[in-house]
Amino acid sequence: MTHSSDPGFAGKAALIYGAAKGIGRAVAQEFARRGAAVGIADIDLAGAKETAALIIAAGGKAAAWRCDVTSDASVREAAVAAEIAFGEIDIVMNNVGGILHGNPEDIPISEWQRILDLNQMPVVRSNAVFLPKMLRRGSGHIVNTASFAGLYPFATTRMPYVAAKAAVIALSESMALYLQPQGIQVSCLCPGPVRTNVMEGMKTWSAGVDMRGPGADLAIMTVEEVALTLADGMCDGKIIIPTHEEAWDILARHGANPDAFIQGKIDEFAQGNYGRPGIRPHSV
């Protein structure tokens, strides 16, 4: 159940980098439903404005700006615009990402750099802007979006993305270790299979290679379910927030015997089980 107001969000100002569509848009709407004013910074300005318009039409407060998260200056300019609009920013979400597809030997180094710059470095750029301010006042909440691909091995056709998202998870955990004693909360959203348009514009570097997924038994979630899971997890003070509870069982198996886990995946792939999830029969 979504809440019209929430003590964790009511009266707060949030800035989401990457909310023109998909998970980011749903999260922006969920934050607004819970009482936050929401800034949307995205390279897709038309989509960002559409997200803001949806929030305003529903009675919320929102504004949108164009932002290229691969640019230090652009990240900072969006932050300044949000502060002008809403005052101090309480919640910052680094949600921009992009994927690719192909065997690692076919992926050029320049493409590795592009994927790392799109998925990992925006967190660093955002931190450079907001950490000093949050540390000075002793409050704030930073949210980073990672992926199941960074939690355990399966995404062999997206290795630059795997490396970036694993880095985001490790960075988020160490950020929490450093920042939470100083009053700043850190959450890392780890989406499993979610119904989005993330595959649009995906570059493919190897022909005839099957996409590998996180597990055929995992249901595909809606973006609205993901937004609710994230917002509830933030209110509960959770650091790592997977979209699917099954992630904890998978991580326990991986942690108990990584070699056996990897061999199991090798065997599954050899049998043609590429771990691509099915469709969820019903969502609420």
# chains A, B, ... in the order shown; residues from 1 in each chain; ligands from 1
>>> residues_around(residues="segment 50-66 of chain A", least_positions_apart="3", cutoff="8 Å", atoms="only C-alpha atoms", output="ChimeraX atom specification")
/A:19-21,25,28-29,32-33,35-47,78,81-82,85
>>> closest_atom_pairs(of="segment 116-142 of chain A", to="segment 180-190 of chain A", cutoff="12 Å", atoms="only C-alpha atoms", output="JSON lines")
{"residue": "A:Val123", "atom": "CA", "partner": "A:Cys188", "partner_atom": "CA", "distance": 11.1}
{"residue": "A:Asn127", "atom": "CA", "partner": "A:Val186", "partner_atom": "CA", "distance": 11.6}
{"residue": "A:Phe130", "atom": "CA", "partner": "A:Ile184", "partner_atom": "CA", "distance": 11.0}
{"residue": "A:Leu131", "atom": "CA", "partner": "A:Ile184", "partner_atom": "CA", "distance": 9.0}
{"residue": "A:Pro132", "atom": "CA", "partner": "A:Ile184", "partner_atom": "CA", "distance": 11.2}
{"residue": "A:Lys133", "atom": "CA", "partner": "A:Ile184", "partner_atom": "CA", "distance": 10.8}
{"residue": "A:Met134", "atom": "CA", "partner": "A:Ile184", "partner_atom": "CA", "distance": 7.0}
{"residue": "A:Leu135", "atom": "CA", "partner": "A:Gln182", "partner_atom": "CA", "distance": 7.0}
{"residue": "A:Arg136", "atom": "CA", "partner": "A:Gln182", "partner_atom": "CA", "distance": 9.5}
{"residue": "A:Arg137", "atom": "CA", "partner": "A:Gly183", "partner_atom": "CA", "distance": 8.7}
{"residue": "A:Gly138", "atom": "CA", "partner": "A:Gly183", "partner_atom": "CA", "distance": 5.0}
{"residue": "A:Ser139", "atom": "CA", "partner": "A:Ile184", "partner_atom": "CA", "distance": 4.9}
{"residue": "A:Gly140", "atom": "CA", "partner": "A:Ile184", "partner_atom": "CA", "distance": 4.8}
{"residue": "A:His141", "atom": "CA", "partner": "A:Gln185", "partner_atom": "CA", "distance": 4.5}
{"residue": "A:Ile142", "atom": "CA", "partner": "A:Val186", "partner_atom": "CA", "distance": 4.9}
>>> write_last_selection(atoms="C-alpha atoms", output="CSV table (one decimal), in the first residue's frame")
chain,number,residue,atom,x,y,z
A,123,VAL,CA,27.7,8.2,-7.8
A,127,ASN,CA,28.9,12.5,-3.8
A,130,PHE,CA,26.3,16.5,-1.8
A,131,LEU,CA,28.5,14.8,0.8
A,132,PRO,CA,30.1,18.0,2.1
A,133,LYS,CA,26.7,19.6,2.5
A,134,MET,CA,25.1,16.6,4.2
A,135,LEU,CA,28.1,16.1,6.5
A,136,ARG,CA,28.0,19.8,7.6
A,137,ARG,CA,24.4,19.5,8.7
A,138,GLY,CA,24.6,15.9,9.9
A,139,SER,CA,21.6,14.6,7.9
A,140,GLY,CA,20.6,13.3,4.5
A,141,HIS,CA,19.9,10.1,2.6
A,142,ILE,CA,21.8,8.8,-0.4
>>> select_by_dssp(residues="segment 28-274 of chain A", states="strand (DSSP E)", output="number ranges by chain")
A: 37-42, 61-66, 91-94, 100-101, 140-145, 184-190, 203-204, 240-242
>>> write_last_selection(atoms="C-alpha atoms", output="PDB file, in the first residue's frame")
ATOM      1  CA  ALA A  37       9.155  17.556  -3.367  1.00  0.00           C
ATOM      2  CA  VAL A  38      10.978  15.834  -6.204  1.00  0.00           C
ATOM      3  CA  GLY A  39      13.528  17.139  -8.668  1.00  0.00           C
ATOM      4  CA  ILE A  40      14.127  15.086 -11.806  1.00  0.00           C
ATOM      5  CA  ALA A  41      17.498  15.416 -13.556  1.00  0.00           C
ATOM      6  CA  ASP A  42      17.836  13.451 -16.782  1.00  0.00           C
ATOM      7  CA  LYS A  61       5.545  19.150  -6.115  1.00  0.00           C
ATOM      8  CA  ALA A  62       8.162  18.527  -8.813  1.00  0.00           C
ATOM      9  CA  ALA A  63      10.503  20.163 -11.293  1.00  0.00           C
ATOM     10  CA  ALA A  64      12.762  18.851 -14.070  1.00  0.00           C
ATOM     11  CA  TRP A  65      16.126  19.750 -15.572  1.00  0.00           C
ATOM     12  CA  ARG A  66      18.380  18.301 -18.250  1.00  0.00           C
ATOM     13  CA  ILE A  91      17.426  12.724  -0.502  1.00  0.00           C
ATOM     14  CA  VAL A  92      19.683  12.160  -3.504  1.00  0.00           C
ATOM     15  CA  MET A  93      19.159   9.143  -5.758  1.00  0.00           C
ATOM     16  CA  ASN A  94      21.775   8.144  -8.316  1.00  0.00           C
ATOM     17  CA  LEU A 100      25.320  -3.614 -23.272  1.00  0.00           C
ATOM     18  CA  HIS A 101      25.481  -7.166 -24.600  1.00  0.00           C
ATOM     19  CA  GLY A 140      20.584  13.276   4.472  1.00  0.00           C
ATOM     20  CA  HIS A 141      19.853  10.093   2.570  1.00  0.00           C
ATOM     21  CA  ILE A 142      21.825   8.850  -0.437  1.00  0.00           C
ATOM     22  CA  VAL A 143      20.337   6.163  -2.666  1.00  0.00           C
ATOM     23  CA  ASN A 144      22.398   4.352  -5.298  1.00  0.00           C
ATOM     24  CA  THR A 145      20.927   2.005  -7.895  1.00  0.00           C
ATOM     25  CA  ILE A 184      23.531  10.268   6.815  1.00  0.00           C
ATOM     26  CA  GLN A 185      21.594   7.232   5.624  1.00  0.00           C
ATOM     27  CA  VAL A 186      22.694   5.171   2.620  1.00  0.00           C
ATOM     28  CA  SER A 187      20.547   2.754   0.627  1.00  0.00           C
ATOM     29  CA  CYS A 188      21.467   0.681  -2.404  1.00  0.00           C
ATOM     30  CA  LEU A 189      18.596  -0.486  -4.589  1.00  0.00           C
ATOM     31  CA  CYS A 190      19.427  -3.773  -6.331  1.00  0.00           C
ATOM     32  CA  LYS A 203      24.621  -1.993 -27.986  1.00  0.00           C
ATOM     33  CA  THR A 204      25.348  -5.592 -28.979  1.00  0.00           C
ATOM     34  CA  ILE A 240      20.992  -3.173   0.619  1.00  0.00           C
ATOM     35  CA  ILE A 241      17.475  -3.308  -0.842  1.00  0.00           C
ATOM     36  CA  PRO A 242      16.941  -6.071  -3.416  1.00  0.00           C
TER      37      PRO A 242
END
>>> residues_around(residues="Gly192 of chain A", least_positions_apart="3", cutoff="12 Å", atoms="only C-alpha atoms", output="PyMOL selection string")
chain A and resi 23+145-152+154-155+189+195-196+213-223+225-226+241-248+250+275-277
>>> select_by_dssp(residues="segment 27-180 of chain A", states="helix (DSSP H, G or I)", output="VMD selection string")
chain A and resid 27 to 33 45 to 57 72 to 86 104 to 106 109 to 119 121 to 137 148 to 150 159 to 180
>>> residues_around(residues="segment 105-115 of chain A", least_positions_apart="6", cutoff="9 Å", atoms="only C-alpha atoms", output="PyMOL selection string")
chain A and resi 70+97-99+159-161+164+204-206
>>> write_last_selection(atoms="N, CA and C atoms", output="tab-separated table (two decimals), in the first residue's frame")
chain	number	residue	atom	x	y	z
A	70	THR	N	27.52	12.06	-16.97
A	70	THR	CA	28.94	11.83	-17.26
A	70	THR	C	29.75	13.13	-17.20
A	97	GLY	N	21.78	4.59	-15.47
A	97	GLY	CA	22.56	3.42	-15.84
A	97	GLY	C	22.32	3.05	-17.28
A	98	GLY	N	23.14	2.14	-17.77
A	98	GLY	CA	22.99	1.65	-19.13
A	98	GLY	C	23.67	0.30	-19.26
A	99	ILE	N	23.17	-0.52	-20.16
A	99	ILE	CA	23.73	-1.86	-20.32
A	99	ILE	C	24.24	-2.05	-21.74
A	159	MET	N	29.64	-7.89	-18.89
A	159	MET	CA	30.68	-7.79	-17.86
A	159	MET	C	31.06	-6.36	-17.46
A	160	PRO	N	31.12	-5.39	-18.38
A	160	PRO	CA	31.37	-4.02	-17.93
A	160	PRO	C	30.29	-3.53	-16.95
A	161	TYR	N	29.05	-3.88	-17.24
A	161	TYR	CA	27.92	-3.53	-16.38
A	161	TYR	C	28.04	-4.23	-15.03
A	164	ALA	N	30.66	-2.47	-12.96
A	164	ALA	CA	30.19	-1.17	-12.47
A	164	ALA	C	29.20	-1.34	-11.33
A	204	THR	N	25.00	-4.18	-28.97
A	204	THR	CA	25.35	-5.59	-28.98
A	204	THR	C	26.66	-5.78	-29.72
A	205	TRP	N	27.59	-6.49	-29.09
A	205	TRP	CA	28.94	-6.62	-29.64
A	205	TRP	C	29.25	-8.03	-30.12
A	206	SER	N	28.38	-8.99	-29.83
A	206	SER	CA	28.60	-10.38	-30.28
A	206	SER	C	27.30	-10.91	-30.87
>>> closest_residue(among="A:Gln120, A:Pro104, A:Gly201, A:Ile239", to="Ala166 of chain A", atoms="only C-alpha atoms")
A:Gln120
